[in-house]
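Asks: Just passing along the structure, written as structure tokens.
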Amino acid sequence: MLERKNIRADFLIIGGGSAGCMAAIRAGELNPEAEIVIFEKGHIRRSGTIAMGMDALNVVAVPGGDTPEDYIASLIKSCHKILDVRPSYVMAKRSFAILQRLESWGVNFPKGENGDYERLQVHPHGRFCVAMEAPDLKVILARKVKETGARVYNRVMATSLLTVGNRVVGATGLNLRTGEFLVCTARAVLLANGGASRFGLPNTGYLYGTYDYPGNAGDGYAMAFRAGAQLTGFECCMQTTIIKDANIPLLYITLTRGGKVINALGEEIDMGGTVSVDKMLREYWEGRGPLFIRLDHLPEDEIRKIESILFTTERPMQKRFFEERGLNFRQHPVEIYPTEIYLCGGHGMTGLVVDETAATTLEGLFAAGDVACVPRQHLTGAFVFGEIAAESAQEFLAAGMPGGLSSEIEEQANQEYNRLVSLINNPGGIIGVKEFEYKVRRIINDYLTSPKNELKLKNAILWMQKFREDLPKVIKVRDYHELARAVEIGFIIDCAELCGMASLARKESRWGVRHFRSDYPETDDANWLKHVILQRGNYPEINTSYKPVDHKV
Amino acid sequence: MSITVSRENCNGCGLCVELCPLDCLRLDEENHPYLKYDECWYCGTCETECPLGAIKITLPFLVR
Ligand SMILES: Cc1cc2nc3c(=O)[nH]c(=O)nc-3n(C[C@H](O)[C@H](O)[C@H](O)COP(=O)(O)OP(=O)(O)OC[C@H]3O[C@@H](n4cnc5c(N)ncnc54)[C@H](O)[C@@H]3O)c2cc1C
């Protein structure tokens with residue numbers, strides 16, 4: 001079992017989702033000779049957040065409309081001032097080119113009668129969200145990747161990064177069907193594995209009914225942390241409001257097209273012409289939930305249009321949910337509810353520290369998409385920084401590999417191999433992966449969800465340290481699929497401890513209920529306009545430092 | 001949580017198993033898919049991709 005295989009790549013991409021596909025396509029364009037390898041945990045045709053397509057490109061500065069400068073002004077507000085604006089600015093500047101590129105591949109961006117793109121307002125200011133009709137977006141990207149000749153390893157999840165000093169030189173991978181263990185050395189590595197969707201436990205108690213694609217379990221955060229990269233934004237615990245129980249989103253689609261939000265007292269929530277999740281979460285926080293979305297005041301053709309988006313793209317099972325519950329927008333307000341907490345550099349601001357070239361703080365390692373901290377970058381960021389990462393990696397592709405590589409790599413690979421083997425051949429295994437994961441995520445709910453305070457956060461950290469110690473002793477793994485789940489639980493544990501540490505460090509409250517400390521209830525701009533940066537000491541020790549925010553483009 | 005497979009329509013090609021994003025499905029002795037791992041995200045990939053319309057997702061009891 002666990003056959004070993006060594007492979008080599010010029011450019012190793014971890015995660016064949018939105019960012020990873022775009023990076024492979026761009027890398028193939030720039031250097032058709034380069035050996036591109038993709039590790040994809042699922043199957044590239046339908047994996048990741050956009051497995052079933054997407055209905056908008058959330059950040060596009062359409063020429064003649066709101067500008068990249070306007071976007072930055074709006075973003076500083078929605079990030080409550082905690083951001084370095086340069087990467088976001090570069091993204092906004094390249095955003096329209098990405099739209100055109102997708103359009104040239106057959107992605108449909110519907111236009112109004114005047115020939116203009118449908119621009120919707122979801123940011124505090126400006127119309128940067130452009131409607132897109134793309135149920136097959138992922139299929140299109142996968143086809144483009146195939147044309148580059150990249151070698152795609154489906155069902156292979158990266159389990160660790162390989163390093164020589166401060167330089168990342170590859171990764172190990174586990175095939176979660178066959179148990180094959182891959183050791184891939186590479187000149188440059190891109191983390192494009194998404195955020196941490198399996199984090200808090202949904203209130204349904206169903207482990208996989210998460211808002212975002214549950215295959216993204218914070219793998220990249222944890223692997224990068226273990227390899228020594230700097231991480232940030234872990235105290236900003238994301239929540240949004242979505243259809244209760246189904247955990248399927250509908251906010252942007254309904255609210256940008258005339259939908260209203262009503263609270264339990266029957267009052268309409270005034271969001272000032274945009275979509276403010278902060279305001280909605282506040283209603284729950286202050287006891288005026290549940291909230292409902294109403295469309296019954298809209299004309300029939302508008303409701304039909306909304307339904308046709310909701311029921312075909314992104315999460316088409318929404319249709320079945322409506323049918324089974326007997327829900328109909330024409331007659332019923334639809335109840336929405338706050339999600340469990342999750343970590344994400346696409347909606348939120350959790351991720352590897354990166355600059356505008358997608359470079360991380362480790363040499364040879366790039367990060368793009370939800371795993372990187374480019375606050376609220378959404379799909380646009382995944383695409384733009386996927387491209388940028390491929391461009392930046394070229395320099396490493398031209399250079400040689402560092403010397404003395406083989407023995408160090410061999411040792412790290414052996415260690416990882418032995419770790420996996422001991423998880424699957426665990427004589428003390430008595431707790432199944434589900435049960436273990438359930439408890440970890442229940443503790444995340446209990447101690448990392450706001451209101452936070454010092455005691456709760458310290459409890460969270462202690463629990464995570466205990467879980468980390470216990471997991472290899474007690475976990476019962478029956479096959480390779482479950483082995484992959486056990487490895488993911490290890491990632492979730494690391495992410496939760498990072499979240500606890502960062503939340504403890506930020507002694508103020510910010511981002512509404514995303515980081516509310518009952519022991520420091522005020523927002524304190526005088527002392528806290530800075531990032532909390534986390535980095536490993538002697539693993540699993542976590543060091544904390546601070547970096548002032550940078551609002552200069 | 002379950003999926004319903006039409007034994008008449010399914011030809012056992014295994015495409016759904018191949019594509020399921022969360023690796024939930026396997027083929028049984030008769031080459032029909034079944035939900036081996038109760039981890040379905042109800043994304044709809046298997047239903048959409050099945051060329052014979054042979055597979056239908058049931059929403060998990062906990063969410064429906
Ligand atoms: C429900 C929902 C709706 C959204 N709607 C919009 C929208 O309308 N407009 C918009 O602009 N943005 C939207 N977003 C945000 C946007 O979809 C994401 O920001 C973007 O897709 C992130 O891309 P990514 O490449 O980082 O992650 P993904 O596209 O999820 O790709 C990550 C890939 O990595 C793989 N992977 C994970 N771990 C490993 C590992 N260890 N080894 C190998 N592979 C691994 C996964 O299988 C996956 O294929 C939405 C997000 C959600 C959750």
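Residue numbers start at 1 in each chain; chains themselves are named A, B, ... in the order of the structure tokens; ligands are numbered from 1 in the order shown.
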May I ask you to extract the residues of chain A within 8 Å of chain B, using only C-alpha atoms, and to give them as a PyMOL selection string?
Replies: chain A and resi 42-43+45-48+51-52+204-210+213-215+245-246+314-317+320-321+324-325+481
Asks: Please produce a file of those selected residues containing N, CA and C atoms, as a PDB file, in the first residue's frame.
Replies:
ATOM      1  N   GLY A  42     -10.097  16.886  -6.281  1.00  0.00           N
ATOM      2  CA  GLY A  42     -11.285  16.332  -6.922  1.00  0.00           C
ATOM      3  C   GLY A  42     -10.954  15.947  -8.357  1.00  0.00           C
ATOM      4  N   HIS A  43     -11.857  16.291  -9.281  1.00  0.00           N
ATOM      5  CA  HIS A  43     -11.581  16.126 -10.706  1.00  0.00           C
ATOM      6  C   HIS A  43     -11.697  17.502 -11.347  1.00  0.00           C
ATOM      7  N   ARG A  45     -12.536  18.854 -13.953  1.00  0.00           N
ATOM      8  CA  ARG A  45     -13.698  19.309 -14.722  1.00  0.00           C
ATOM      9  C   ARG A  45     -14.782  19.923 -13.826  1.00  0.00           C
ATOM     10  N   ARG A  46     -14.904  19.403 -12.621  1.00  0.00           N
ATOM     11  CA  ARG A  46     -15.955  19.883 -11.713  1.00  0.00           C
ATOM     12  C   ARG A  46     -15.444  19.913 -10.284  1.00  0.00           C
ATOM     13  N   SER A  47     -14.526  20.790 -10.008  1.00  0.00           N
ATOM     14  CA  SER A  47     -14.055  20.813  -8.620  1.00  0.00           C
ATOM     15  C   SER A  47     -14.030  22.241  -8.117  1.00  0.00           C
ATOM     16  N   GLY A  48     -14.017  22.364  -6.823  1.00  0.00           N
ATOM     17  CA  GLY A  48     -13.855  23.670  -6.200  1.00  0.00           C
ATOM     18  C   GLY A  48     -15.141  24.476  -6.163  1.00  0.00           C
ATOM     19  N   ALA A  51     -17.505  24.643  -9.165  1.00  0.00           N
ATOM     20  CA  ALA A  51     -17.809  23.354  -9.799  1.00  0.00           C
ATOM     21  C   ALA A  51     -19.039  23.439 -10.702  1.00  0.00           C
ATOM     22  N   MET A  52     -20.065  24.111 -10.228  1.00  0.00           N
ATOM     23  CA  MET A  52     -21.296  24.222 -11.011  1.00  0.00           C
ATOM     24  C   MET A  52     -21.504  25.641 -11.554  1.00  0.00           C
ATOM     25  N   THR A 204     -27.034  22.810  11.138  1.00  0.00           N
ATOM     26  CA  THR A 204     -27.792  21.595  10.832  1.00  0.00           C
ATOM     27  C   THR A 204     -27.107  20.373  11.430  1.00  0.00           C
ATOM     28  N   GLY A 205     -25.841  20.507  11.765  1.00  0.00           N
ATOM     29  CA  GLY A 205     -25.094  19.353  12.256  1.00  0.00           C
ATOM     30  C   GLY A 205     -24.535  18.502  11.120  1.00  0.00           C
ATOM     31  N   TYR A 206     -24.771  18.920   9.880  1.00  0.00           N
ATOM     32  CA  TYR A 206     -24.276  18.143   8.731  1.00  0.00           C
ATOM     33  C   TYR A 206     -22.905  18.684   8.325  1.00  0.00           C
ATOM     34  N   LEU A 207     -21.888  17.848   8.477  1.00  0.00           N
ATOM     35  CA  LEU A 207     -20.509  18.297   8.288  1.00  0.00           C
ATOM     36  C   LEU A 207     -20.248  18.927   6.930  1.00  0.00           C
ATOM     37  N   TYR A 208     -20.930  18.431   5.907  1.00  0.00           N
ATOM     38  CA  TYR A 208     -20.593  18.848   4.546  1.00  0.00           C
ATOM     39  C   TYR A 208     -21.541  19.890   3.966  1.00  0.00           C
ATOM     40  N   GLY A 209     -22.532  20.293   4.744  1.00  0.00           N
ATOM     41  CA  GLY A 209     -23.493  21.276   4.230  1.00  0.00           C
ATOM     42  C   GLY A 209     -22.988  22.686   4.417  1.00  0.00           C
ATOM     43  N   THR A 210     -21.764  22.933   3.966  1.00  0.00           N
ATOM     44  CA  THR A 210     -21.168  24.250   4.180  1.00  0.00           C
ATOM     45  C   THR A 210     -21.497  25.181   3.025  1.00  0.00           C
ATOM     46  N   TYR A 213     -17.432  25.209  -1.021  1.00  0.00           N
ATOM     47  CA  TYR A 213     -17.051  23.828  -1.374  1.00  0.00           C
ATOM     48  C   TYR A 213     -16.287  23.153  -0.225  1.00  0.00           C
ATOM     49  N   PRO A 214     -16.852  22.099   0.353  1.00  0.00           N
ATOM     50  CA  PRO A 214     -16.246  21.525   1.564  1.00  0.00           C
ATOM     51  C   PRO A 214     -14.926  20.805   1.329  1.00  0.00           C
ATOM     52  N   GLY A 215     -14.537  20.613   0.088  1.00  0.00           N
ATOM     53  CA  GLY A 215     -13.219  20.020  -0.185  1.00  0.00           C
ATOM     54  C   GLY A 215     -12.083  20.957   0.167  1.00  0.00           C
ATOM     55  N   ASP A 245     -30.825  26.298   6.564  1.00  0.00           N
ATOM     56  CA  ASP A 245     -30.765  24.840   6.413  1.00  0.00           C
ATOM     57  C   ASP A 245     -30.087  24.388   5.112  1.00  0.00           C
ATOM     58  N   ALA A 246     -30.513  24.957   3.988  1.00  0.00           N
ATOM     59  CA  ALA A 246     -29.908  24.521   2.729  1.00  0.00           C
ATOM     60  C   ALA A 246     -28.466  24.995   2.641  1.00  0.00           C
ATOM     61  N   GLU A 314     -24.251  27.686 -10.049  1.00  0.00           N
ATOM     62  CA  GLU A 314     -23.641  27.748  -8.729  1.00  0.00           C
ATOM     63  C   GLU A 314     -24.139  26.622  -7.818  1.00  0.00           C
ATOM     64  N   ARG A 315     -25.387  26.683  -7.373  1.00  0.00           N
ATOM     65  CA  ARG A 315     -25.953  25.620  -6.533  1.00  0.00           C
ATOM     66  C   ARG A 315     -27.369  25.311  -7.037  1.00  0.00           C
ATOM     67  N   PRO A 316     -27.453  24.616  -8.183  1.00  0.00           N
ATOM     68  CA  PRO A 316     -28.768  24.402  -8.793  1.00  0.00           C
ATOM     69  C   PRO A 316     -29.732  23.575  -7.941  1.00  0.00           C
ATOM     70  N   MET A 317     -29.200  22.884  -6.922  1.00  0.00           N
ATOM     71  CA  MET A 317     -30.083  22.093  -6.048  1.00  0.00           C
ATOM     72  C   MET A 317     -31.038  22.985  -5.252  1.00  0.00           C
ATOM     73  N   ARG A 320     -34.564  22.187  -5.998  1.00  0.00           N
ATOM     74  CA  ARG A 320     -35.173  21.050  -5.316  1.00  0.00           C
ATOM     75  C   ARG A 320     -35.536  21.416  -3.875  1.00  0.00           C
ATOM     76  N   PHE A 321     -34.687  22.193  -3.252  1.00  0.00           N
ATOM     77  CA  PHE A 321     -34.969  22.620  -1.876  1.00  0.00           C
ATOM     78  C   PHE A 321     -36.275  23.420  -1.828  1.00  0.00           C
ATOM     79  N   GLU A 324     -39.221  21.013  -2.386  1.00  0.00           N
ATOM     80  CA  GLU A 324     -39.514  20.119  -1.259  1.00  0.00           C
ATOM     81  C   GLU A 324     -40.091  20.867  -0.064  1.00  0.00           C
ATOM     82  N   ARG A 325     -39.678  22.120   0.116  1.00  0.00           N
ATOM     83  CA  ARG A 325     -40.208  22.914   1.223  1.00  0.00           C
ATOM     84  C   ARG A 325     -41.524  23.601   0.841  1.00  0.00           C
ATOM     85  N   HIS A 481      -9.509   7.178   1.151  1.00  0.00           N
ATOM     86  CA  HIS A 481     -10.421   8.310   1.188  1.00  0.00           C
ATOM     87  C   HIS A 481     -10.482   8.863   2.620  1.00  0.00           C
TER      88      HIS A 481
END
Asks: Among stretch 1-63 of chain B, which residues does DSSP mark as strand (DSSP E or B) when it is run on the backbone? Keep the chain and numbering as in the structure and answer as a PyMOL selection string.
Replies: chain B and resi 2-5+25-27+33-35+55-58
Asks: Can you write out the residues you just picked, keeping N, CA, C and O atoms, as a PDB file, in the first residue's frame?
Replies:
ATOM      1  N   SER B   2     -28.909  10.335   0.219  1.00  0.00           N
ATOM      2  CA  SER B   2     -28.787   9.251  -0.747  1.00  0.00           C
ATOM      3  C   SER B   2     -28.883   9.786  -2.162  1.00  0.00           C
ATOM      4  O   SER B   2     -29.214  10.945  -2.379  1.00  0.00           O
ATOM      5  N   ILE B   3     -28.583   8.925  -3.096  1.00  0.00           N
ATOM      6  CA  ILE B   3     -28.863   9.230  -4.486  1.00  0.00           C
ATOM      7  C   ILE B   3     -29.782   8.123  -4.989  1.00  0.00           C
ATOM      8  O   ILE B   3     -29.760   7.015  -4.472  1.00  0.00           O
ATOM      9  N   THR B   4     -30.604   8.458  -5.960  1.00  0.00           N
ATOM     10  CA  THR B   4     -31.462   7.434  -6.547  1.00  0.00           C
ATOM     11  C   THR B   4     -30.948   7.172  -7.959  1.00  0.00           C
ATOM     12  O   THR B   4     -30.738   8.106  -8.716  1.00  0.00           O
ATOM     13  N   VAL B   5     -30.753   5.905  -8.255  1.00  0.00           N
ATOM     14  CA  VAL B   5     -30.228   5.555  -9.571  1.00  0.00           C
ATOM     15  C   VAL B   5     -31.267   4.726 -10.315  1.00  0.00           C
ATOM     16  O   VAL B   5     -31.797   3.760  -9.768  1.00  0.00           O
ATOM     17  N   LEU B  25     -18.846   8.865  -4.429  1.00  0.00           N
ATOM     18  CA  LEU B  25     -19.517   7.750  -5.104  1.00  0.00           C
ATOM     19  C   LEU B  25     -18.566   6.599  -5.436  1.00  0.00           C
ATOM     20  O   LEU B  25     -17.377   6.799  -5.655  1.00  0.00           O
ATOM     21  N   ARG B  26     -19.119   5.412  -5.491  1.00  0.00           N
ATOM     22  CA  ARG B  26     -18.416   4.236  -5.996  1.00  0.00           C
ATOM     23  C   ARG B  26     -19.430   3.400  -6.783  1.00  0.00           C
ATOM     24  O   ARG B  26     -20.634   3.591  -6.648  1.00  0.00           O
ATOM     25  N   LEU B  27     -18.936   2.449  -7.574  1.00  0.00           N
ATOM     26  CA  LEU B  27     -19.838   1.549  -8.296  1.00  0.00           C
ATOM     27  C   LEU B  27     -20.039   0.269  -7.482  1.00  0.00           C
ATOM     28  O   LEU B  27     -19.088  -0.242  -6.878  1.00  0.00           O
ATOM     29  N   PRO B  33     -23.803   3.312  -9.539  1.00  0.00           N
ATOM     30  CA  PRO B  33     -23.191   4.139  -8.498  1.00  0.00           C
ATOM     31  C   PRO B  33     -24.001   4.110  -7.205  1.00  0.00           C
ATOM     32  O   PRO B  33     -25.226   3.971  -7.231  1.00  0.00           O
ATOM     33  N   TYR B  34     -23.313   4.202  -6.094  1.00  0.00           N
ATOM     34  CA  TYR B  34     -23.986   4.396  -4.809  1.00  0.00           C
ATOM     35  C   TYR B  34     -23.145   5.364  -3.988  1.00  0.00           C
ATOM     36  O   TYR B  34     -21.963   5.573  -4.270  1.00  0.00           O
ATOM     37  N   LEU B  35     -23.802   5.952  -2.993  1.00  0.00           N
ATOM     38  CA  LEU B  35     -23.119   6.931  -2.171  1.00  0.00           C
ATOM     39  C   LEU B  35     -22.346   6.204  -1.077  1.00  0.00           C
ATOM     40  O   LEU B  35     -22.908   5.811  -0.073  1.00  0.00           O
ATOM     41  N   ILE B  55     -29.437   9.515 -12.693  1.00  0.00           N
ATOM     42  CA  ILE B  55     -29.102   9.702 -11.276  1.00  0.00           C
ATOM     43  C   ILE B  55     -29.808  10.934 -10.724  1.00  0.00           C
ATOM     44  O   ILE B  55     -29.948  11.947 -11.415  1.00  0.00           O
ATOM     45  N   LYS B  56     -30.293  10.789  -9.493  1.00  0.00           N
ATOM     46  CA  LYS B  56     -30.997  11.911  -8.870  1.00  0.00           C
ATOM     47  C   LYS B  56     -30.545  12.038  -7.416  1.00  0.00           C
ATOM     48  O   LYS B  56     -30.473  11.047  -6.690  1.00  0.00           O
ATOM     49  N   ILE B  57     -30.253  13.271  -7.038  1.00  0.00           N
ATOM     50  CA  ILE B  57     -29.792  13.527  -5.668  1.00  0.00           C
ATOM     51  C   ILE B  57     -30.992  13.740  -4.757  1.00  0.00           C
ATOM     52  O   ILE B  57     -31.938  14.437  -5.118  1.00  0.00           O
ATOM     53  N   THR B  58     -30.938  13.134  -3.582  1.00  0.00           N
ATOM     54  CA  THR B  58     -31.923  13.442  -2.547  1.00  0.00           C
ATOM     55  C   THR B  58     -31.225  14.357  -1.554  1.00  0.00           C
ATOM     56  O   THR B  58     -30.126  14.024  -1.097  1.00  0.00           O
TER      57      THR B  58
END
Asks: Let me make sure I understand: among A:Leu231, A:Glu302, A:Met280, A:Ala390, which one has the smallest atom-to-atom distance to A:Ser545 if we use only C-alpha atoms?
Replies: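 Using only C-alpha atoms, the shortest distance to A:Ser545 belongs to A:Leu231.
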Asks: Name the residues, by chain letter and number, that sit within 7 Å of ligand 1 using only C-alpha atoms and all ligand atoms, and give them as an MDAnalysis selection string.
Replies: (chainID A and resid 14:20 39:42 44 47:50 54:59 156:159 192:195 211:213 215:217 219:220 248:249 314 346:347 368:371 377:380 382) or (chainID B and resid 21)
Asks: I'd like the interatomic distance between atom CA of A:Asp70 and atom CA of A:Ala134, to a tenth of an Å.
Replies: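 Pair atom CA of A:Asp70 / atom CA of A:Ala134 returns 26.9 Å.
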Asks: Identify, on the basis of only C-alpha atoms, every residue whose closest approach to A:His125 does not exceed 9 Å; exclude the query and any residue fewer than 6 positions from it along the same chain; express the result as a PDB file with C-alpha atoms, in the first residue's frame.
Replies:
ATOM      1  CA  ASP A  70     -13.024  54.119  -6.742  1.00  0.00           C
ATOM      2  CA  TYR A  71     -12.765  50.426  -6.007  1.00  0.00           C
ATOM      3  CA  ALA A  73     -11.822  53.699  -1.729  1.00  0.00           C
ATOM      4  CA  SER A  74     -14.799  51.365  -1.420  1.00  0.00           C
ATOM      5  CA  LEU A  75     -12.633  48.411  -0.370  1.00  0.00           C
ATOM      6  CA  THR A 274     -26.059  47.909  -1.626  1.00  0.00           C
TER       7      THR A 274
END
Asks: Grab the atom CA of A:Tyr89 to atom CA of A:Val374 distance for me, in Å with one decimal place.
Replies: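 Distance reported for this atom pair: 10.0 Å.
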Asks: Please identify all polymer residues within 12 Å of stretch 521-525 of chain A, counting only C-alpha atoms, omitting same-chain residues fewer than 5 positions from it, and present them as a list in words.
Replies: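 My reading of the contact set: His80, Lys81, Ile82, Ser450, Pro451, Lys452, Asn453, Arg506, Lys507, Glu508, Ser509, Arg510, Trp511, Gly512, Val513, His515, Phe516, Lys530, Pro548 and Val549 of chain A.
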Asks: Find the spatial neighbours of A:His332, counting only C-alpha atoms, within a cut-off of 9 Å - ignore same-chain residues fewer than 5 positions away - and output them as a ChimeraX atom specification.
Replies: /A:293-296,327
Asks: Atom CA of A:Gly490 and atom CA of A:Arg187, how far apart in Å?
Replies: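 Between atom CA of A:Arg187 and atom CA of A:Gly490 the gap works out to 27.0 Å.
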